[in-house]
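A.B. asks: Below you'll find data_16.txt; it's compact mmCIF, C-alpha atoms.
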```txt
# COMPACT_ATOMS: atom_id res chain seq x y z
CA MET A 22 4.62 33.35 24.99
CA PRO A 23 1.70 35.05 23.26
CA THR A 24 -0.40 33.10 20.78
CA ALA A 25 0.80 32.64 17.21
CA LEU A 26 -2.08 34.83 16.07
CA THR A 27 -0.68 37.65 18.21
CA GLN A 28 2.84 36.97 16.94
CA GLY A 29 1.51 37.23 13.40
CA GLY A 30 0.60 40.85 14.07
CA TRP A 31 4.19 41.80 14.89
CA SER A 32 6.80 42.84 12.37
CA THR A 33 9.00 39.97 11.20
CA THR A 34 12.00 41.74 12.73
CA THR A 35 10.35 41.79 16.15
CA LEU A 36 9.21 38.19 15.87
CA LYS A 37 12.67 36.98 14.88
CA SER A 38 14.21 38.75 17.85
CA ARG A 39 11.63 37.46 20.31
CA ALA A 40 11.91 33.94 18.88
CA ALA A 41 15.68 33.99 19.34
CA GLY A 42 15.11 34.83 22.99
CA TRP A 43 12.64 31.97 23.48
CA ALA A 44 14.99 29.60 21.73
CA ALA A 45 17.88 30.65 23.94
CA GLN A 46 15.77 29.73 26.97
CA LEU A 47 15.07 26.33 25.48
CA LYS A 48 18.73 25.84 24.63
CA SER A 49 19.75 26.65 28.20
CA ALA A 50 17.31 23.98 29.38
CA GLY A 51 18.88 21.41 27.06
CA VAL A 52 16.22 21.46 24.33
CA ASP A 53 17.68 21.35 20.81
CA LEU A 54 14.55 20.72 18.73
CA ASP A 55 11.23 22.56 18.87
CA LEU A 56 8.08 21.07 17.32
CA ALA A 57 7.08 24.47 15.90
CA PRO A 58 6.23 26.66 14.03
CA VAL A 59 2.65 25.91 13.02
CA ALA A 60 2.58 26.63 9.28
CA ASP A 61 -1.08 25.75 8.76
CA VAL A 62 -3.09 28.36 6.87
CA MET A 63 -6.66 28.74 8.12
CA PRO A 64 -9.48 30.74 6.53
CA ALA A 65 -10.62 33.50 8.86
CA SER A 66 -14.20 32.33 8.30
CA LEU A 67 -13.50 29.09 10.16
CA GLY A 68 -12.25 30.80 13.30
CA THR A 69 -12.41 28.71 16.44
CA ARG A 70 -14.52 26.07 14.68
CA ASN A 71 -11.19 24.75 13.40
CA GLY A 72 -10.35 22.32 16.20
CA PRO A 73 -6.58 21.86 15.89
CA ILE A 74 -5.52 25.42 14.99
CA GLY A 75 -8.16 28.13 15.26
CA ARG A 76 -9.55 26.97 18.57
CA TYR A 77 -6.18 27.70 20.20
CA TYR A 78 -5.16 30.72 18.05
CA ARG A 79 -2.20 28.77 16.70
CA GLU A 80 -2.33 30.41 13.26
CA TYR A 81 0.11 33.20 12.38
CA GLY A 82 -2.58 34.87 10.31
CA HIS A 83 -4.90 34.00 7.45
CA PRO A 84 -3.23 35.03 4.17
CA PRO A 85 -0.68 32.36 3.11
CA ASP A 86 2.01 35.03 2.60
CA THR A 87 1.63 36.30 6.16
CA VAL A 88 1.91 32.81 7.58
CA ALA A 89 4.97 32.20 5.38
CA SER A 90 6.77 35.37 6.42
CA HIS A 91 6.10 34.95 10.12
CA THR A 92 6.84 31.23 10.38
CA GLY A 93 10.02 32.08 8.52
CA ALA A 94 10.90 34.79 11.04
CA PHE A 95 10.18 32.42 13.93
CA ALA A 96 12.39 29.72 12.42
CA ALA A 97 15.17 32.20 11.68
CA GLY A 98 15.19 33.36 15.29
CA PHE A 99 15.43 29.80 16.52
CA LYS A 100 18.23 29.03 14.07
CA GLN A 101 20.13 32.05 15.39
CA ALA A 102 20.00 30.44 18.85
CA HIS A 103 20.95 27.00 17.46
CA VAL A 104 17.61 25.30 18.13
CA MET A 105 16.10 23.29 15.27
CA THR A 106 12.50 23.86 14.21
CA THR A 107 9.71 21.76 12.73
CA TYR A 108 7.22 23.05 10.18
CA LYS A 109 3.83 21.47 10.85
CA HIS A 110 1.29 19.96 10.08
CA PHE A 111 1.94 19.19 6.40
CA PRO A 112 0.02 19.58 4.15
CA GLY A 113 -2.02 21.68 6.58
CA LEU A 114 -4.77 21.41 9.18
CA GLY A 115 -6.28 24.82 8.47
CA ARG A 116 -9.28 23.60 6.50
CA VAL A 117 -10.61 20.90 8.82
CA ILE A 118 -12.99 20.98 11.75
CA GLY A 119 -11.92 17.99 13.85
CA ASN A 120 -8.67 17.69 15.78
CA THR A 121 -6.82 14.47 14.87
CA ASP A 122 -5.70 14.09 18.48
CA THR A 123 -9.28 13.66 19.60
CA THR A 124 -11.26 12.83 16.45
CA ALA A 125 -11.22 9.96 13.96
CA ASN A 126 -11.65 10.34 10.19
CA VAL A 127 -10.67 14.01 9.94
CA VAL A 128 -10.86 14.93 6.24
CA ASP A 129 -9.69 17.96 4.28
CA SER A 130 -11.70 17.91 1.06
CA VAL A 131 -10.34 21.21 -0.31
CA THR A 132 -6.53 21.30 -0.30
CA THR A 133 -4.78 20.19 -3.49
CA ALA A 134 -1.15 19.54 -4.37
CA THR A 135 -0.96 23.03 -5.87
CA SER A 136 -2.90 24.90 -3.18
CA SER A 137 -1.71 28.34 -2.10
CA TYR A 138 -2.12 27.05 1.44
CA LEU A 139 1.15 25.14 0.94
CA THR A 140 3.04 28.45 0.57
CA PRO A 141 4.43 28.53 4.15
CA PHE A 142 5.78 25.00 3.79
CA LYS A 143 7.35 25.82 0.44
CA ALA A 144 9.00 28.90 1.90
CA GLY A 145 10.25 26.99 4.94
CA ILE A 146 11.72 24.24 2.80
CA LYS A 147 13.43 26.80 0.56
CA ALA A 148 14.92 28.38 3.69
CA GLY A 149 16.33 25.03 4.82
CA ALA A 150 13.77 23.70 7.30
CA PRO A 151 15.38 20.68 8.99
CA PHE A 152 12.12 18.97 10.05
CA VAL A 153 8.57 18.78 8.68
CA MET A 154 5.76 17.17 10.66
CA ILE A 155 3.09 15.22 8.78
CA SER A 156 -0.59 15.56 9.59
CA SER A 157 -2.78 12.56 10.44
CA ALA A 158 -5.78 13.89 8.51
CA THR A 159 -6.87 12.57 5.12
CA TYR A 160 -6.62 14.89 2.08
CA GLY A 161 -9.31 13.90 -0.39
CA LYS A 162 -7.86 15.77 -3.36
CA ILE A 163 -4.31 14.50 -2.79
CA ASP A 164 -4.72 10.93 -1.50
CA ALA A 165 -8.21 9.92 -0.44
CA HIS A 166 -7.16 6.41 0.56
CA HIS A 167 -4.60 7.09 3.30
CA ILE A 168 -4.12 9.52 6.15
CA ALA A 169 -1.22 11.81 5.27
CA ALA A 170 1.15 10.09 7.73
CA PHE A 171 0.67 6.79 5.88
CA SER A 172 0.58 8.25 2.36
CA PRO A 173 3.46 7.76 -0.11
CA THR A 174 1.69 10.34 -2.28
CA VAL A 175 1.76 13.03 0.41
CA ILE A 176 5.25 12.28 1.71
CA GLY A 177 7.12 10.84 -1.27
CA LYS A 178 5.47 12.58 -4.20
CA LEU A 179 4.29 15.93 -2.82
CA LEU A 180 6.72 16.74 0.00
CA ARG A 181 9.87 15.06 -1.24
CA THR A 182 9.59 15.30 -5.04
CA GLN A 183 7.33 18.27 -5.76
CA LEU A 184 8.49 20.51 -2.90
CA GLY A 185 12.04 19.14 -2.74
CA PHE A 186 12.23 18.58 1.02
CA LYS A 187 15.43 16.75 1.96
CA GLY A 188 15.28 16.88 5.76
CA VAL A 189 13.61 14.73 8.40
CA VAL A 190 9.93 13.86 8.11
CA ILE A 191 8.50 13.46 11.62
CA SER A 192 5.03 12.16 12.43
CA ASP A 193 2.40 13.82 14.52
CA ASP A 194 1.52 11.75 17.59
CA LEU A 195 1.13 8.08 16.69
CA GLY A 196 0.76 7.00 20.31
CA GLN A 197 -2.70 7.93 21.47
CA ALA A 198 -4.14 10.18 18.75
CA VAL A 199 -7.67 9.07 17.94
CA ALA A 200 -6.93 9.47 14.22
CA VAL A 201 -4.70 6.35 14.29
CA ARG A 202 -6.55 4.35 16.93
CA SER A 203 -7.83 1.80 14.39
CA PHE A 204 -4.22 0.72 13.74
CA THR A 205 -2.04 -1.21 16.17
CA PRO A 206 1.10 0.62 17.37
CA GLY A 207 3.19 -1.69 15.21
CA GLN A 208 1.11 -0.94 12.12
CA ARG A 209 1.38 2.79 12.75
CA ALA A 210 5.18 2.63 12.89
CA VAL A 211 5.60 0.42 9.84
CA ASN A 212 3.03 2.33 7.78
CA PHE A 213 4.69 5.66 8.51
CA LEU A 214 8.20 4.50 7.63
CA SER A 215 6.93 2.67 4.53
CA ALA A 216 5.25 5.85 3.31
CA GLY A 217 8.54 7.75 3.54
CA GLY A 218 8.45 9.05 7.10
CA ASN A 219 11.66 9.11 9.14
CA MET A 220 11.05 9.81 12.84
CA ILE A 221 8.11 8.44 14.79
CA LEU A 222 6.59 10.63 17.49
CA THR A 223 4.53 9.04 20.26
CA VAL A 224 3.32 10.71 23.43
CA LYS A 225 2.62 7.29 24.92
CA ALA A 226 5.89 5.59 25.91
CA SER A 227 4.22 2.21 26.37
CA THR A 228 3.72 1.97 22.59
CA VAL A 229 7.45 2.07 21.86
CA PRO A 230 8.28 -1.65 22.40
CA ALA A 231 5.54 -2.79 20.00
CA MET A 232 6.58 -0.20 17.43
CA ALA A 233 10.24 -1.19 17.65
CA GLN A 234 9.39 -4.89 17.40
CA ALA A 235 7.22 -4.37 14.33
CA ILE A 236 9.97 -2.38 12.62
CA SER A 237 12.53 -5.06 13.43
CA ASP A 238 10.24 -7.83 12.16
CA ARG A 239 9.55 -6.06 8.89
CA MET A 240 13.23 -5.33 8.35
CA ARG A 241 13.98 -9.06 8.48
CA THR A 242 11.56 -9.82 5.65
CA SER A 243 11.74 -6.77 3.38
CA ALA A 244 14.84 -5.37 1.71
CA ALA A 245 12.86 -2.33 0.58
CA PHE A 246 11.81 -1.60 4.15
CA ARG A 247 15.38 -2.03 5.37
CA ALA A 248 16.38 0.61 2.83
CA ASP A 249 13.63 2.91 4.13
CA VAL A 250 14.92 2.54 7.69
CA ALA A 251 18.52 3.11 6.62
CA ASP A 252 17.47 6.27 4.77
CA SER A 253 15.64 7.50 7.88
CA VAL A 254 18.66 6.90 10.12
CA HIS A 255 20.86 8.75 7.64
CA ARG A 256 18.55 11.77 7.52
CA VAL A 257 18.33 11.97 11.32
CA LEU A 258 22.11 11.73 11.68
CA LEU A 259 22.60 14.43 9.04
CA ALA A 260 20.23 16.70 10.97
CA LYS A 261 22.31 16.14 14.10
CA VAL A 262 25.53 16.88 12.22
CA SER A 263 24.13 20.11 10.76
CA ALA A 264 22.98 21.14 14.25
CA GLY A 265 26.45 20.54 15.67
CA GLN A 266 25.28 17.66 17.83
CA LEU A 267 27.31 14.97 16.13
CA SER A 268 30.80 14.92 14.72
CA CYS A 269 31.98 12.45 12.12
CA GLY A 270 35.45 11.04 12.68
```
Would you kindly transcribe this structure into structure tokens?
C.D. replies:
Amino acid sequence: MPTALTQGGWSTTTLKSRAAGWAAQLKSAGVDLDLAPVADVMPASLGTRNGPIGRYYREYGHPPDTVASHTGAFAAGFKQAHVMTTYKHFPGLGRVIGNTDTTANVVDSVTTATSSYLTPFKAGIKAGAPFVMISSATYGKIDAHHIAAFSPTVIGKLLRTQLGFKGVVISDDLGQAVAVRSFTPGQRAVNFLSAGGNMILTVKASTVPAMAQAISDRMRTSAAFRADVADSVHRVLLAKVSAGQLSCG
């Protein structure tokens, strides 16, 4: 596959067709969910200085409308081939320098809750995006006190209420990303679910037992947290039903 920046130079018709072909390959290999497209909008002036996006040419372009149209075409092609997609990394990693996978205390001090840089996410949600991935950076003008993955303001207020997202909120890596290293695996899991997240992603399988134990422990002592977990299970099951992976008797 060419880079997203290259894809962003194609017509949306071409991109949708090519994306459907890639998705069909994934489907034939048994993959039903893709952690893409990257919907982050990055100023051209940052270029490869932007660690998570620009360095790897992961942006579909620089104007928000271009990113919106081309992430939409990518997602539409995947939907045609019956592979679910994930818009990431909400509310955007296009205005940072550090990569949260390898850097602690990554801060976006520019993006607001009404930023035009949210346009691709808004468009994706309007088109029925089933999954949205949350960034592990901190957004000073939205919630300066929590990384986005642990922020009820980012997830509950901005994504759920303001943008109306009803699907599954998935984390970025909570296993070995440097951005969350100051928290134990159990704290990462509980904090994410408490903030309104639904599905925990970890690239480090050894963290799973501690995460599961912490969730179980908190469920025993908090009715509110039990409700959060039940809501998450419901949203994941609904995503499976809508993807034809689960039938309700």
A.B. asks: Mind dumping a table of every stretch 174-202 of chain A residue within 12 Å of stretch 55-59 of chain A, with the nearest atom pair and its distance in Å to one decimal, using all atoms listed in the file, sorted by chain and rising number, as a Markdown table?
C.D. replies:
```
| residue | atom | partner | partner_atom | distance |
| --- | --- | --- | --- | --- |
| A:Val190 | CA | A:Leu56 | CA | 11.8 |
| A:Ile191 | CA | A:Leu56 | CA | 9.5 |
| A:Ser192 | CA | A:Leu56 | CA | 10.6 |
| A:Asp193 | CA | A:Leu56 | CA | 9.6 |
| A:Asp194 | CA | A:Leu56 | CA | 11.4 |
```
A.B. asks: Give me the residues within 8 Å of stretch 45-51 of chain A as a ChimeraX atom specification, counting all atoms listed in the file and dropping any in the same chain fewer than 6 places off.
C.D. replies: /A:99,102-104
A.B. asks: Which is closest to A:Thr159 among A:Gly119, A:Gly68, A:Gly98, A:Pro230, if we use all atoms listed in the file?
C.D. replies: A:Gly119
A.B. asks: Of the residues A:Thr87, A:Ser130, A:Thr124, A:Ser172, which is the one nearest to A:Ala144, using all atoms listed in the file?
C.D. replies: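 Among the listed residues, the smallest separation from A:Ala144 belongs to A:Thr87.
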A.B. asks: Counting only C-alpha atoms, which of A:Gly161, A:Pro64, A:Gly93, A:Gly75 gets nearest to A:Ala40?
C.D. replies: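 Smallest distance to A:Ala40 is found for A:Gly93.
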A.B. asks: Choose the residue, out of A:Gly188, A:Gly218, A:Gly29, A:Gly72, that has the smallest atom-to-atom separation from A:Ile146; count only C-alpha atoms.
C.D. replies: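 Nearest candidate to A:Ile146 out of A:Gly188, A:Gly218, A:Gly29, A:Gly72: A:Gly188.
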A.B. asks: When you count all atoms listed in the file, which of these residues is closest to A:Leu67: A:Pro23, A:Gly82, A:Gly185, A:Gly115?
C.D. replies: A:Gly115
A.B. asks: Which value, in Å to one decimal, gives the distance between atom CA of A:Thr228 and atom CA of A:Arg202?
C.D. replies: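 Going from atom CA of A:Thr228 over to atom CA of A:Arg202, I get 12.0 Å.
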A.B. asks: Tell me which protein, DNA and RNA residues are within 7 Å of stretch 206-208 of chain A, counting all atoms listed in the file, leaving out same-chain ones fewer than 5 positions away, and put them as a PyMOL selection string.
C.D. replies: chain A and resi 228+231-232+235
A.B. asks: Name the residues in contact with A:Leu195 at a cut-off of 12 Å, using all atoms listed in the file, excluding same-chain residues fewer than 2 positions from it; report them as an MDAnalysis selection string.
C.D. replies: chainID A and resid 121:122 154:157 168 170:171 191:193 197:213 220:229 232
A.B. asks: Would you mind listing what lies within 10 Å of A:Thr69 as a list in words, with all atoms listed in the file counted and same-chain residues fewer than 6 positions away left out?
C.D. replies: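 So, after excluding close chain neighbours, the residues are Gly75, Arg76, Tyr77, Tyr78 and Ile118 of chain A.
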A.B. asks: Which residues are near A:Asp86? Cut-off 10 Å, all atoms listed in the file, ignore same chain within fewer than 2 positions. Put them as a PyMOL selection string.
C.D. replies: chain A and resi 62+82-84+88-92+137-138+140-141+144
A.B. asks: Just the number, please: distance in Å from atom CA of A:Ser215 to atom CA of A:Pro173, one decimal.
C.D. replies: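 Distance reported for this atom pair: 7.7 Å.
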A.B. asks: Hey, can you check how far atom CA of A:Val117 sits from atom CA of A:Arg70?
C.D. replies: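 So the answer is 8.7 Å.
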